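Novice: Here you go, this is my_file-v3.cif (mmCIF, C-alpha atoms and all ligand atoms).
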```
data_upload
loop_
_atom_site.label_atom_id
_atom_site.label_comp_id
_atom_site.auth_asym_id
_atom_site.auth_seq_id
_atom_site.Cartn_x
_atom_site.Cartn_y
_atom_site.Cartn_z
CA MET A 1060 -24.26 -51.95 24.66
CA SER A 1061 -26.39 -49.17 26.13
CA PHE A 1062 -25.43 -45.53 25.81
CA ASP A 1063 -25.16 -45.26 29.62
CA LYS A 1064 -22.64 -48.08 29.81
CA ILE A 1065 -20.49 -46.47 27.12
CA ARG A 1066 -20.69 -43.16 28.97
CA GLN A 1067 -19.61 -44.86 32.17
CA LYS A 1068 -16.64 -46.46 30.43
CA LEU A 1069 -15.75 -43.19 28.81
CA SER A 1070 -15.71 -41.34 32.10
CA ILE A 1071 -13.44 -43.98 33.72
CA LEU A 1072 -11.06 -44.42 30.79
CA ALA A 1073 -10.79 -40.75 29.86
CA ASP A 1074 -10.05 -39.88 33.48
CA ALA A 1075 -7.35 -42.56 33.66
CA ALA A 1076 -5.71 -41.16 30.51
CA LYS A 1077 -5.34 -37.64 31.88
CA TYR A 1078 -1.95 -38.43 33.47
CA ASP A 1079 -0.40 -38.77 30.05
CA VAL A 1080 0.78 -35.40 28.77
CA SER A 1081 2.42 -36.61 25.57
CA CYS A 1082 -0.50 -36.03 23.26
CA SER A 1083 0.37 -32.98 21.19
CA SER A 1084 0.19 -33.68 17.52
CA SER A 1085 2.56 -31.31 15.75
CA GLY A 1086 4.09 -32.54 12.59
CA GLY A 1087 1.54 -35.02 11.27
CA LYS A 1088 0.31 -34.64 7.70
CA ARG A 1089 -2.42 -36.74 6.15
CA SER A 1090 -4.58 -35.38 3.39
CA ASN A 1091 -8.13 -36.30 2.59
CA ASN A 1092 -8.27 -38.36 -0.59
CA LYS A 1093 -11.84 -37.10 -1.23
CA LYS A 1094 -13.27 -40.52 -0.36
CA GLY A 1095 -12.51 -40.39 3.34
CA LEU A 1096 -13.35 -38.44 6.45
CA GLY A 1097 -11.27 -35.54 7.83
CA ASN A 1098 -7.68 -34.63 7.34
CA ASN A 1099 -4.67 -33.72 9.42
CA THR A 1100 -2.64 -30.72 8.32
CA GLY A 1101 1.09 -30.17 8.55
CA PHE A 1102 0.56 -27.61 11.33
CA GLY A 1103 -0.79 -30.38 13.53
CA ILE A 1104 -4.20 -30.09 15.06
CA CYS A 1105 -4.60 -27.39 17.63
CA HIS A 1106 -3.70 -28.40 21.13
CA SER A 1107 -6.05 -27.15 23.70
CA TYR A 1108 -5.06 -28.01 27.25
CA THR A 1109 -7.43 -28.04 30.15
CA GLU A 1110 -6.21 -26.91 33.54
CA ASP A 1111 -5.17 -30.39 34.53
CA GLY A 1112 -3.05 -30.76 31.41
CA ARG A 1113 -5.40 -32.71 29.13
CA CYS A 1114 -5.35 -32.03 25.45
CA VAL A 1115 -9.01 -31.61 24.65
CA SER A 1116 -8.93 -31.59 20.89
CA LEU A 1117 -8.10 -35.28 20.82
CA LEU A 1118 -10.26 -38.06 22.13
CA LYS A 1119 -7.81 -39.12 24.80
CA ILE A 1120 -8.65 -42.45 26.38
CA LEU A 1121 -7.31 -45.77 27.56
CA LEU A 1122 -8.53 -48.92 25.88
CA THR A 1123 -8.61 -50.39 29.37
CA ASN A 1124 -7.41 -49.51 32.85
CA HIS A 1125 -6.98 -53.16 33.79
CA CYS A 1126 -3.28 -53.85 34.18
CA ILE A 1127 -1.18 -56.82 35.13
CA TYR A 1128 1.66 -54.57 36.34
CA ASP A 1129 2.04 -52.74 39.60
CA CYS A 1130 4.05 -49.60 38.88
CA ALA A 1131 4.07 -47.67 42.16
CA TYR A 1132 3.50 -44.23 40.61
CA CYS A 1133 0.51 -45.24 38.47
CA VAL A 1134 -3.13 -44.90 39.35
CA THR A 1135 -3.92 -47.87 37.08
CA ARG A 1136 -1.55 -50.31 38.88
CA LYS A 1137 -3.14 -53.68 39.66
CA SER A 1138 -3.03 -53.23 43.45
CA ASN A 1139 -5.01 -50.00 43.32
CA ASP A 1140 -8.64 -50.32 44.30
CA ILE A 1141 -10.35 -48.37 41.52
CA LYS A 1142 -13.25 -48.87 39.14
CA ARG A 1143 -12.04 -50.80 36.09
CA ALA A 1144 -13.38 -50.78 32.56
CA ALA A 1145 -12.43 -51.87 29.06
CA PHE A 1146 -13.61 -50.73 25.65
CA LYS A 1147 -14.20 -53.14 22.81
CA ILE A 1148 -12.30 -52.31 19.64
CA GLN A 1149 -15.47 -51.36 17.76
CA GLU A 1150 -16.59 -49.08 20.60
CA VAL A 1151 -13.45 -46.95 20.32
CA VAL A 1152 -13.84 -46.82 16.54
CA ASP A 1153 -17.47 -45.71 16.84
CA LEU A 1154 -16.72 -43.11 19.50
CA THR A 1155 -13.93 -41.61 17.43
CA ILE A 1156 -16.07 -41.36 14.33
CA HIS A 1157 -19.09 -39.95 16.18
CA PHE A 1158 -17.02 -37.38 18.05
CA TYR A 1159 -15.19 -36.41 14.88
CA ARG A 1160 -18.43 -35.94 12.95
CA ARG A 1161 -19.76 -33.71 15.73
CA ASN A 1162 -16.57 -31.66 15.56
CA TYR A 1163 -15.69 -32.43 19.19
CA ILE A 1164 -12.27 -33.79 18.34
CA GLU A 1165 -9.67 -33.78 15.65
CA GLY A 1166 -8.12 -37.11 16.37
CA LEU A 1167 -7.54 -39.97 18.75
CA PHE A 1168 -4.95 -40.52 21.45
CA LEU A 1169 -5.17 -44.13 22.53
CA SER A 1170 -3.21 -45.70 25.35
CA SER A 1171 -3.88 -48.71 27.55
CA GLY A 1172 -3.10 -50.62 30.69
CA ILE A 1173 -1.57 -54.00 29.93
CA PHE A 1174 -4.02 -56.86 30.04
CA LYS A 1175 -2.88 -60.48 29.57
CA ASN A 1176 0.43 -59.47 28.00
CA SER A 1177 2.08 -56.76 25.90
CA ASP A 1178 1.30 -58.27 22.47
CA PHE A 1179 -2.32 -59.02 23.33
CA THR A 1180 -2.83 -55.37 24.27
CA MET A 1181 -0.81 -53.88 21.43
CA GLU A 1182 -2.70 -56.00 18.91
CA ARG A 1183 -5.95 -54.39 20.06
CA LEU A 1184 -4.57 -50.88 19.86
CA VAL A 1185 -3.37 -51.58 16.33
CA SER A 1186 -6.78 -53.04 15.41
CA VAL A 1187 -8.50 -49.79 16.41
CA ALA A 1188 -6.19 -47.72 14.20
CA LYS A 1189 -6.44 -50.23 11.35
CA LYS A 1190 -10.25 -50.24 11.42
CA LEU A 1191 -10.38 -46.46 11.51
CA ARG A 1192 -8.09 -46.14 8.52
CA LEU A 1193 -9.24 -49.05 6.37
CA GLU A 1194 -12.92 -49.44 7.20
CA GLU A 1195 -13.91 -45.88 8.13
CA ASN A 1196 -11.48 -44.08 5.80
CA PHE A 1197 -10.52 -41.91 8.76
CA ASN A 1198 -7.78 -39.41 7.92
CA GLY A 1199 -7.71 -37.59 11.26
CA TYR A 1200 -4.77 -37.73 13.61
CA ILE A 1201 -4.01 -40.97 15.51
CA HIS A 1202 -1.49 -41.21 18.30
CA LEU A 1203 -0.98 -44.74 19.62
CA LYS A 1204 0.80 -45.48 22.82
CA SER A 1205 3.09 -48.45 22.26
CA ILE A 1206 3.04 -51.08 24.92
CA PRO A 1207 6.49 -51.82 26.40
CA GLY A 1208 7.66 -55.22 25.26
CA ALA A 1209 5.40 -55.39 22.17
CA SER A 1210 6.73 -57.47 19.28
CA ASP A 1211 8.55 -56.00 16.29
CA GLU A 1212 5.79 -57.14 13.95
CA LEU A 1213 3.08 -55.26 15.88
CA MET A 1214 5.26 -52.17 16.13
CA ARG A 1215 5.74 -52.27 12.38
CA GLU A 1216 2.01 -52.51 11.79
CA ALA A 1217 1.21 -49.76 14.32
CA GLY A 1218 3.31 -47.21 12.45
CA LEU A 1219 1.47 -47.89 9.20
CA TYR A 1220 -1.83 -46.67 10.67
CA ALA A 1221 -0.82 -44.20 13.39
CA ASP A 1222 0.62 -40.73 12.84
CA ARG A 1223 2.63 -40.83 16.00
CA LEU A 1224 3.84 -43.63 18.25
CA SER A 1225 5.14 -43.23 21.75
CA VAL A 1226 6.63 -45.48 24.38
CA ASN A 1227 6.64 -43.79 27.76
CA ILE A 1228 9.91 -44.29 29.55
CA GLU A 1229 8.17 -42.88 32.66
CA ILE A 1230 11.10 -43.06 35.09
CA PRO A 1231 14.22 -41.26 33.81
CA THR A 1232 16.85 -43.63 35.25
CA LYS A 1233 17.28 -47.41 35.27
CA SER A 1234 17.65 -47.48 39.06
CA GLY A 1235 14.42 -45.49 39.50
CA LEU A 1236 12.61 -47.85 37.15
CA LYS A 1237 13.82 -50.88 39.09
CA LEU A 1238 12.60 -49.36 42.33
CA LEU A 1239 9.18 -48.16 41.19
CA ALA A 1240 8.26 -50.48 38.31
CA PRO A 1241 9.98 -53.79 39.13
CA ASP A 1242 7.84 -55.67 36.53
CA LYS A 1243 9.26 -53.62 33.69
CA LYS A 1244 12.64 -53.99 32.07
CA HIS A 1245 14.59 -51.16 30.50
CA GLU A 1246 14.89 -53.18 27.26
CA ASP A 1247 11.08 -53.34 27.00
CA PHE A 1248 11.15 -49.60 26.18
CA ILE A 1249 14.32 -49.54 24.18
CA LYS A 1250 13.37 -52.31 21.75
CA PRO A 1251 10.15 -50.73 20.42
CA MET A 1252 11.82 -47.30 20.25
CA GLU A 1253 14.66 -48.77 18.22
CA LYS A 1254 12.18 -50.54 15.95
CA VAL A 1255 10.16 -47.37 15.32
CA LYS A 1256 13.29 -45.35 14.58
CA ASN A 1257 14.56 -47.92 12.09
CA GLU A 1258 11.21 -48.33 10.37
CA ILE A 1259 10.84 -44.55 9.96
CA LEU A 1260 14.26 -44.35 8.34
CA GLN A 1261 13.64 -47.36 6.13
CA TYR A 1262 10.22 -46.24 4.90
CA LYS A 1263 11.57 -42.74 4.21
CA ALA A 1264 14.42 -44.18 2.17
CA GLU A 1265 12.06 -46.44 0.22
CA ARG A 1266 9.68 -43.57 -0.50
CA LYS A 1267 12.47 -41.73 -2.25
CA ILE A 1268 12.69 -44.60 -4.74
CA ILE A 1269 9.07 -45.81 -4.84
CA LYS A 1270 6.62 -42.94 -4.42
CA SER A 1271 3.73 -45.24 -3.45
CA THR A 1272 5.51 -46.55 -0.33
CA PRO A 1273 3.25 -45.78 2.62
CA ARG A 1274 4.33 -43.33 5.31
CA TYR A 1275 5.41 -44.86 8.57
CA ALA A 1276 4.54 -42.88 11.74
CA PRO A 1277 4.83 -39.56 9.86
CA ALA A 1278 4.67 -37.51 13.08
CA GLY A 1279 7.55 -39.53 14.54
CA GLN A 1280 7.85 -40.90 18.03
CA SER A 1281 7.78 -39.30 21.45
CA THR A 1282 8.19 -40.32 25.06
CA GLN A 1283 7.23 -39.05 28.48
CA MET A 1284 9.12 -38.89 31.77
CA ILE A 1285 7.57 -38.49 35.16
CA VAL A 1286 9.35 -35.80 37.12
CA GLY A 1287 9.76 -35.98 40.87
CA ALA A 1288 8.62 -39.55 41.56
CA SER A 1289 12.04 -41.10 42.09
CA GLY A 1290 14.27 -38.28 43.30
CA GLU A 1291 16.21 -37.68 40.05
CA SER A 1292 17.82 -34.27 39.72
CA ASP A 1293 17.03 -32.02 36.75
CA ARG A 1294 20.53 -32.84 35.51
CA ASP A 1295 19.72 -36.61 35.46
CA ILE A 1296 16.45 -35.88 33.67
CA MET A 1297 18.01 -33.70 30.98
CA TYR A 1298 20.88 -36.13 30.34
CA SER A 1299 18.33 -38.88 29.97
CA ALA A 1300 16.18 -36.78 27.61
CA THR A 1301 19.22 -35.92 25.47
CA TYR A 1302 20.02 -39.61 25.18
CA TYR A 1303 16.52 -40.40 23.88
CA TYR A 1304 16.54 -37.49 21.44
CA LYS A 1305 19.85 -38.55 19.97
CA LYS A 1306 19.58 -42.31 20.08
CA PHE A 1307 15.99 -42.68 18.87
CA ASN A 1308 15.37 -39.45 16.91
CA MET A 1309 12.57 -38.49 19.31
CA ARG A 1310 10.35 -35.67 18.12
CA ARG A 1311 9.49 -34.72 21.67
CA VAL A 1312 10.24 -35.71 25.21
CA TYR A 1313 7.46 -34.69 27.58
CA TYR A 1314 7.94 -33.95 31.26
CA SER A 1315 5.06 -34.70 33.54
CA GLY A 1316 5.20 -33.61 37.18
CA TYR A 1317 4.43 -36.50 39.52
CA ILE A 1318 1.04 -36.27 41.20
CA PRO A 1319 1.13 -38.34 44.40
CA VAL A 1320 -1.63 -40.94 44.22
CA ILE A 1321 -0.62 -43.28 47.03
CA ASN A 1322 1.17 -43.44 50.35
CA ASP A 1323 4.20 -45.58 49.53
CA ASN A 1324 7.58 -45.10 51.17
CA ARG A 1325 9.29 -45.39 47.78
CA LEU A 1326 7.47 -42.27 46.61
CA PRO A 1327 7.11 -38.64 47.72
CA SER A 1328 4.35 -38.35 50.32
CA LEU A 1329 0.83 -37.32 49.43
CA GLY A 1330 0.34 -33.57 49.11
CA THR A 1331 3.83 -32.90 47.74
CA GLU A 1332 3.06 -32.24 44.11
CA VAL A 1333 5.85 -31.22 41.75
CA PRO A 1334 5.43 -27.50 41.02
CA VAL A 1335 4.25 -26.76 37.48
CA LEU A 1336 7.14 -24.30 37.32
CA ARG A 1337 9.63 -27.19 37.50
CA GLU A 1338 7.98 -28.77 34.43
CA ASN A 1339 8.17 -25.38 32.66
CA ARG A 1340 11.86 -24.97 33.46
CA LEU A 1341 12.54 -28.45 32.07
CA TYR A 1342 10.71 -27.61 28.85
CA GLN A 1343 12.69 -24.35 28.57
CA THR A 1344 15.93 -26.28 29.03
CA ASP A 1345 14.83 -28.88 26.49
CA TRP A 1346 14.30 -25.99 24.04
CA LEU A 1347 17.71 -24.48 24.78
CA LEU A 1348 19.39 -27.83 24.12
CA ARG A 1349 17.57 -28.50 20.88
CA PHE A 1350 17.41 -25.08 19.27
CA TYR A 1351 19.86 -22.72 21.00
CA GLY A 1352 23.07 -24.73 20.87
CA PHE A 1353 23.48 -25.27 24.62
CA SER A 1354 24.83 -28.51 26.05
CA VAL A 1355 23.45 -30.09 29.22
CA SER A 1356 26.68 -29.54 31.16
CA GLU A 1357 26.54 -25.78 30.56
CA ILE A 1358 23.13 -25.52 32.18
CA LEU A 1359 23.21 -28.38 34.67
CA ASN A 1360 26.31 -29.81 36.30
CA ASP A 1361 27.83 -30.92 39.61
CA THR A 1362 27.53 -27.49 41.16
CA HIS A 1363 24.13 -26.77 39.65
CA LYS A 1364 22.14 -29.99 39.64
CA ASN A 1365 18.67 -28.47 39.59
CA LEU A 1366 17.15 -25.61 37.64
CA ASP A 1367 16.32 -22.36 39.38
CA LEU A 1368 12.61 -21.92 39.74
CA ASP A 1369 12.65 -18.12 40.04
CA ILE A 1370 14.50 -17.41 36.78
CA ASP A 1371 14.61 -19.10 33.39
CA PRO A 1372 17.57 -21.40 32.56
CA LYS A 1373 19.13 -19.05 30.00
CA LEU A 1374 19.18 -16.14 32.44
CA SER A 1375 20.55 -18.46 35.11
CA TRP A 1376 23.38 -19.56 32.77
CA ALA A 1377 24.16 -15.93 31.82
CA LEU A 1378 24.37 -14.86 35.47
CA ARG A 1379 26.89 -17.65 36.10
CA ASN A 1380 28.91 -16.55 33.07
CA LEU A 1381 28.99 -12.79 33.35
CA HIS A 1382 32.58 -12.76 32.05
CA LEU A 1383 31.16 -13.51 28.56
CA PHE A 1384 29.09 -10.31 28.53
CA PRO A 1385 28.29 -7.69 27.33
CA ILE A 1386 27.81 -8.96 23.80
CA ASP A 1387 27.95 -6.51 20.92
CA ILE A 1388 24.62 -6.78 19.12
CA ASN A 1389 26.14 -5.47 15.90
CA LYS A 1390 29.04 -7.92 15.80
CA ALA A 1391 28.16 -11.14 17.63
CA ASP A 1392 27.56 -14.33 15.66
CA LYS A 1393 24.29 -16.24 15.66
CA GLN A 1394 25.36 -18.63 18.41
CA MET A 1395 26.28 -15.86 20.86
CA LEU A 1396 23.19 -13.78 20.06
CA ALA A 1397 21.06 -16.81 20.90
CA ARG A 1398 22.65 -16.94 24.35
CA ILE A 1399 21.56 -13.46 25.39
CA PRO A 1400 18.71 -13.55 27.95
CA GLY A 1401 15.55 -12.00 26.54
CA ILE A 1402 16.45 -12.75 22.91
CA GLY A 1403 14.64 -15.64 21.27
CA MET A 1404 15.65 -17.41 18.09
CA GLN A 1405 13.21 -15.42 15.94
CA SER A 1406 14.73 -12.18 17.20
CA VAL A 1407 18.20 -13.55 16.45
CA PHE A 1408 17.22 -14.03 12.81
CA LYS A 1409 15.63 -10.57 12.68
CA ILE A 1410 18.80 -9.00 14.11
CA LEU A 1411 21.02 -10.81 11.59
CA GLU A 1412 18.76 -9.73 8.75
CA ALA A 1413 18.49 -6.10 9.89
CA ARG A 1414 22.26 -5.86 10.42
CA LYS A 1415 22.78 -6.32 6.68
CA PHE A 1416 21.34 -2.84 6.15
CA ARG A 1417 22.31 -0.77 9.21
CA ASN A 1418 23.94 -0.64 12.59
CA LEU A 1419 21.26 -1.39 15.15
CA ASP A 1420 20.50 0.86 18.10
CA TRP A 1421 18.20 0.47 21.12
CA THR A 1422 15.13 1.68 19.18
CA HIS A 1423 15.66 -1.01 16.55
CA LEU A 1424 16.01 -3.69 19.22
CA LYS A 1425 12.77 -2.63 20.88
CA ALA A 1426 11.02 -2.69 17.49
CA ILE A 1427 12.31 -6.22 16.91
CA GLY A 1428 10.54 -7.26 20.09
CA ILE A 1429 13.43 -8.12 22.37
CA ALA A 1430 12.64 -8.45 26.08
CA MET A 1431 14.73 -5.43 27.05
CA ASN A 1432 14.10 -5.79 30.76
CA ARG A 1433 16.47 -8.79 30.65
CA ALA A 1434 18.55 -8.23 27.51
CA GLN A 1435 19.69 -4.66 28.30
CA TYR A 1436 22.12 -5.86 31.00
CA PHE A 1437 23.89 -8.28 28.69
CA ILE A 1438 24.38 -6.32 25.51
CA THR A 1439 26.15 -3.36 24.09
CA CYS A 1440 24.75 -1.50 21.15
CA ASN A 1441 26.60 1.30 19.36
CA SER A 1442 29.01 1.46 22.31
CA LYS A 1443 26.20 2.11 24.77
CA ASP A 1444 25.60 -0.40 27.51
CA PHE A 1445 23.92 -0.74 30.86
CA TYR A 1446 26.34 -3.35 31.95
CA LYS A 1447 28.90 -0.85 33.21
CA GLN A 1448 26.94 -0.69 36.42
CA ASP A 1449 29.25 -3.46 37.62
CA LEU A 1450 26.58 -5.39 39.40
CA SER A 1451 27.27 -8.75 40.99
CA SER A 1452 25.26 -11.63 39.55
CA TYR A 1453 23.19 -11.66 42.75
CA ASP A 1454 22.31 -7.95 42.47
CA LEU A 1455 21.68 -8.23 38.76
CA LYS A 1456 19.30 -11.11 39.30
CA ASN A 1457 17.35 -9.13 41.89
CA LYS A 1458 17.21 -6.09 39.66
CA ILE A 1459 15.83 -8.16 36.78
CA LEU A 1460 13.35 -9.95 39.00
CA LYS A 1461 12.17 -6.62 40.38
CA SER A 1462 11.67 -5.10 36.94
CA SER A 1463 9.86 -8.24 35.70
CA LYS A 1464 7.62 -8.09 38.74
CA SER A 1465 6.76 -4.42 38.29
CA LYS A 1466 6.08 -5.07 34.59
CA TYR A 1467 3.79 -7.94 35.58
CA ASP A 1468 2.10 -5.82 38.27
CA LYS A 1469 1.52 -3.02 35.77
CA TYR A 1470 -0.08 -5.48 33.33
CA PHE A 1471 -2.13 -7.12 36.08
CA ASN A 1472 -3.40 -3.76 37.37
CA SER A 1473 -4.31 -2.61 33.86
CA GLN A 1474 -6.30 -5.82 33.39
CA LEU A 1475 -8.03 -5.29 36.72
CA SER A 1476 -8.95 -1.73 35.79
CA LEU A 1477 -10.73 -3.10 32.71
CA PHE A 1478 -13.13 -4.91 35.00
CA SER A 1479 -13.52 -2.26 37.70
S1 LIG B 1501 2.20 -50.83 32.96
FE1 LIG B 1501 1.48 -48.78 32.52
S2 LIG B 1501 -0.69 -48.82 33.05
FE2 LIG B 1501 0.23 -50.62 34.00
S3 LIG B 1501 0.74 -49.98 36.06
FE3 LIG B 1501 2.58 -49.65 34.83
S4 LIG B 1501 2.41 -47.51 34.11
FE4 LIG B 1501 0.40 -48.13 34.86
#
```
Show how you would write the structure in this file as structure tokens.
Specialist:
Amino acid sequence: MSFDKIRQKLSILADAAKYDVSCSSSGGKRSNNKKGLGNNTGFGICHSYTEDGRCVSLLKILLTNHCIYDCAYCVTRKSNDIKRAAFKIQEVVDLTIHFYRRNYIEGLFLSSGIFKNSDFTMERLVSVAKKLRLEENFNGYIHLKSIPGASDELMREAGLYADRLSVNIEIPTKSGLKLLAPDKKHEDFIKPMEKVKNEILQYKAERKIIKSTPRYAPAGQSTQMIVGASGESDRDIMYSATYYYKKFNMRRVYYSGYIPVINDNRLPSLGTEVPVLRENRLYQTDWLLRFYGFSVSEILNDTHKNLDLDIDPKLSWALRNLHLFPIDINKADKQMLARIPGIGMQSVFKILEARKFRNLDWTHLKAIGIAMNRAQYFITCNSKDFYKQDLSSYDLKNKILKSSKSKYDKYFNSQLSLFS
């Protein structure tokens, strides 16, 4: 195969893979055994995202963009008139090794359209990973996209060679899936997810008894949801994400704003892209649910079905619950401290640690690195507080937005003056 042909394939299949955002690699660990090539540290390889969301430190490609399915939201769907291409197994192996040796990449993210059937495709994805590990002694990071409906046996094999596996749920609700991807069944996603979860648990348990038991998908499994293709509210999306985290021990759920690629009356019209800010707000909420002790219903409910775009979800929650504030920085427990806008989890731990030695005042809080422009209205510290101003939540929100804006303007102007 000539170099030009490979380049052509690469440009088609790398471009088709850019819609998948679930390629970060945190958590994988695979050491070089001195006979092999590369290694993958516990910090994960660095994720470098291009403007359109691609993670450039991984070779991120599809094995093929041929597909027998016709999911309305997907550029690769069979009815779309696009250039098609397919890599051979050995071509992906060679590309990965060559790119790795040249230090272009730290690993491989391999997904695929479905050709012939799920098992036929999955078998090829597994073969790439297997060849890289067994024939090339490749110890870099491998993330394989699992094909919905793939057999248990192939899923088991995939996890023995890949660091991370993911099955993209794509559409957050069953009704949305039925409308936009009628060829796919909900169970086609659930079954492989269940299999991966069980295998991870089983291999971990066996490793405790027999040290030589191989690791199974050491970086766990993840999934991705498309946001804004099927009209789900942020509440629907976050309930769905919580279900996948709990039921399948997901490491990450990724949220990818829908980019209109077709005029189809089931989908938002062309030119109505989901704002990046909506994705950010979903990620912030995801974080609050997993690490800050919030429940979905506190942030999103019948009266508040979608996240505010102008303020972050924690500030939004605090403004709707002003009766809980101000919180005494020197007395509050960890859970309440974590609920104060402008105070992150790291600052919570610093406050708890510092409190062992002294009563904290405003100077200490600033030194800890708290975002005082937000936090000051929600706390009391040595009996001093700003909260007495008795502002309504509406006025308070405007005041905070104004101070954030002037802070941003100040920073922006100082940056400009550097170049003038
Ligand atoms: S099965 Fe996957 S690749 Fe094929 S059309 Fe649906 S989303 Fe696209």
Novice: Might you pull out every residue within 8 Å of region 1298-1312 of chain A, with all atoms listed in the file counted and same-chain residues fewer than 3 positions away left off, and present them as number ranges by chain?
Specialist: A: 1081, 1231-1232, 1252-1253, 1256, 1278-1284, 1294-1295, 1355
Novice: Env of region 1451-1455 of chain A: 9 Å cut, atoms = only C-alpha atoms, seq-sep filter 6 positions within chain, self excluded. Answer as JSON, numbers by chain.
Specialist: {"A": [1377, 1378, 1379, 1380, 1381, 1436]}
Novice: Kindly give the distance, in Å, that separates CA of Asp1178 (chain A) and CA of Asp1247 (chain A), rounded to a single decimal.
Specialist: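 Distance reported for this atom pair: 11.9 Å.
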Novice: List all protein, DNA and RNA residues that have any atom at most 6 Å from ligand LIG 1501 (chain B), counting only C-alpha atoms and all ligand atoms, and write the list as an MDAnalysis selection string.
Specialist: chainID A and resid 1126 1128:1130 1133 1135:1136 1172:1173
Novice: Work out how far apart CA of Ala1076 (chain A) and CA of Glu1332 (chain A) are and give it in Å to one decimal.
Specialist: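 Going from CA of Ala1076 (chain A) over to CA of Glu1332 (chain A), I get 18.5 Å.
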Novice: In terms of the shortest atom-to-atom distance over all atoms listed in the file, which of A:Leu1191, A:Leu1260, A:Ile1285, A:Val1255 is closest to Gly1235 (chain A)?
Specialist: A:Ile1285
Novice: Just want the 10 Å neighbourhood of Lys1119 (chain A), counted on all atoms listed in the file, with same-chain residues fewer than 2 positions away dropped. Output as a ChimeraX atom specification.
Specialist: /A:1069,1072-1077,1079,1082,1113-1117,1121-1122,1155,1164,1166-1170,1202
Novice: Just the number, please: distance in Å from CA of Phe1158 (chain A) to CA of Pro1207 (chain A), one decimal.
Specialist: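 About the pair CA of Phe1158 (chain A) and CA of Pro1207 (chain A): they are 28.8 Å apart.
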Novice: With only C-alpha atoms as the counted atoms, please give the residues lying no more than 8 Å from Val1320 (chain A), apart from itself and same-chain residues fewer than 6 positions off, as a PyMOL selection string.
Specialist: chain A and resi 1132-1134+1329
Novice: Of the candidates A:Tyr1342, A:Ile1148, A:Lys1456, A:Leu1224, which one gets nearest to Lys1190 (chain A) if we count all atoms listed in the file?
Specialist: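 Looking only at the distances to Lys1190 (chain A), the closest residue turns out to be A:Ile1148.
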Novice: Excluding Leu1419 (chain A) and its own-chain neighbours fewer than 5 positions away, which residues fall within 8 Å of it when counting all atoms listed in the file? Please give them as a VMD selection string.
Specialist: chain A and resid 1388 to 1389 1413 to 1414 1424 1440 to 1441
Novice: Copy region 1337-1346 of chain A out of the block into a file, keeping N, CA, C and O atoms, as an mmCIF file, in the first residue's frame.
Specialist:
```
data_model
loop_
_atom_site.group_PDB
_atom_site.id
_atom_site.type_symbol
_atom_site.label_atom_id
_atom_site.label_comp_id
_atom_site.auth_asym_id
_atom_site.auth_seq_id
_atom_site.Cartn_x
_atom_site.Cartn_y
_atom_site.Cartn_z
ATOM 1 N N ARG A 1337 -22.774 24.898 27.651
ATOM 2 C CA ARG A 1337 -23.699 23.886 28.179
ATOM 3 C C ARG A 1337 -22.931 22.614 28.536
ATOM 4 O O ARG A 1337 -23.154 22.004 29.576
ATOM 5 N N GLU A 1338 -21.988 22.233 27.652
ATOM 6 C CA GLU A 1338 -21.138 21.065 27.969
ATOM 7 C C GLU A 1338 -20.390 21.317 29.279
ATOM 8 O O GLU A 1338 -20.340 20.458 30.150
ATOM 9 N N ASN A 1339 -19.807 22.529 29.407
ATOM 10 C CA ASN A 1339 -19.033 22.849 30.623
ATOM 11 C C ASN A 1339 -19.892 22.744 31.868
ATOM 12 O O ASN A 1339 -19.462 22.199 32.887
ATOM 13 N N ARG A 1340 -21.100 23.278 31.793
ATOM 14 C CA ARG A 1340 -21.995 23.229 32.962
ATOM 15 C C ARG A 1340 -22.322 21.777 33.325
ATOM 16 O O ARG A 1340 -22.439 21.432 34.499
ATOM 17 N N LEU A 1341 -22.477 20.933 32.319
ATOM 18 C CA LEU A 1341 -22.760 19.517 32.604
ATOM 19 C C LEU A 1341 -21.565 18.859 33.289
ATOM 20 O O LEU A 1341 -21.714 18.100 34.244
ATOM 21 N N TYR A 1342 -20.359 19.174 32.804
ATOM 22 C CA TYR A 1342 -19.164 18.623 33.449
ATOM 23 C C TYR A 1342 -19.049 19.112 34.890
ATOM 24 O O TYR A 1342 -18.698 18.358 35.792
ATOM 25 N N GLN A 1343 -19.372 20.401 35.113
ATOM 26 C CA GLN A 1343 -19.301 20.934 36.494
ATOM 27 C C GLN A 1343 -20.302 20.208 37.385
ATOM 28 O O GLN A 1343 -20.003 19.856 38.528
ATOM 29 N N THR A 1344 -21.491 19.954 36.848
ATOM 30 C CA THR A 1344 -22.505 19.249 37.636
ATOM 31 C C THR A 1344 -22.056 17.820 37.929
ATOM 32 O O THR A 1344 -22.190 17.323 39.054
ATOM 33 N N ASP A 1345 -21.513 17.180 36.912
ATOM 34 C CA ASP A 1345 -20.995 15.816 37.049
ATOM 35 C C ASP A 1345 -20.016 15.770 38.225
ATOM 36 O O ASP A 1345 -20.044 14.882 39.088
ATOM 37 N N TRP A 1346 -19.147 16.792 38.288
ATOM 38 C CA TRP A 1346 -18.130 16.895 39.339
ATOM 39 C C TRP A 1346 -18.789 17.067 40.712
ATOM 40 O O TRP A 1346 -18.404 16.442 41.690
#
```
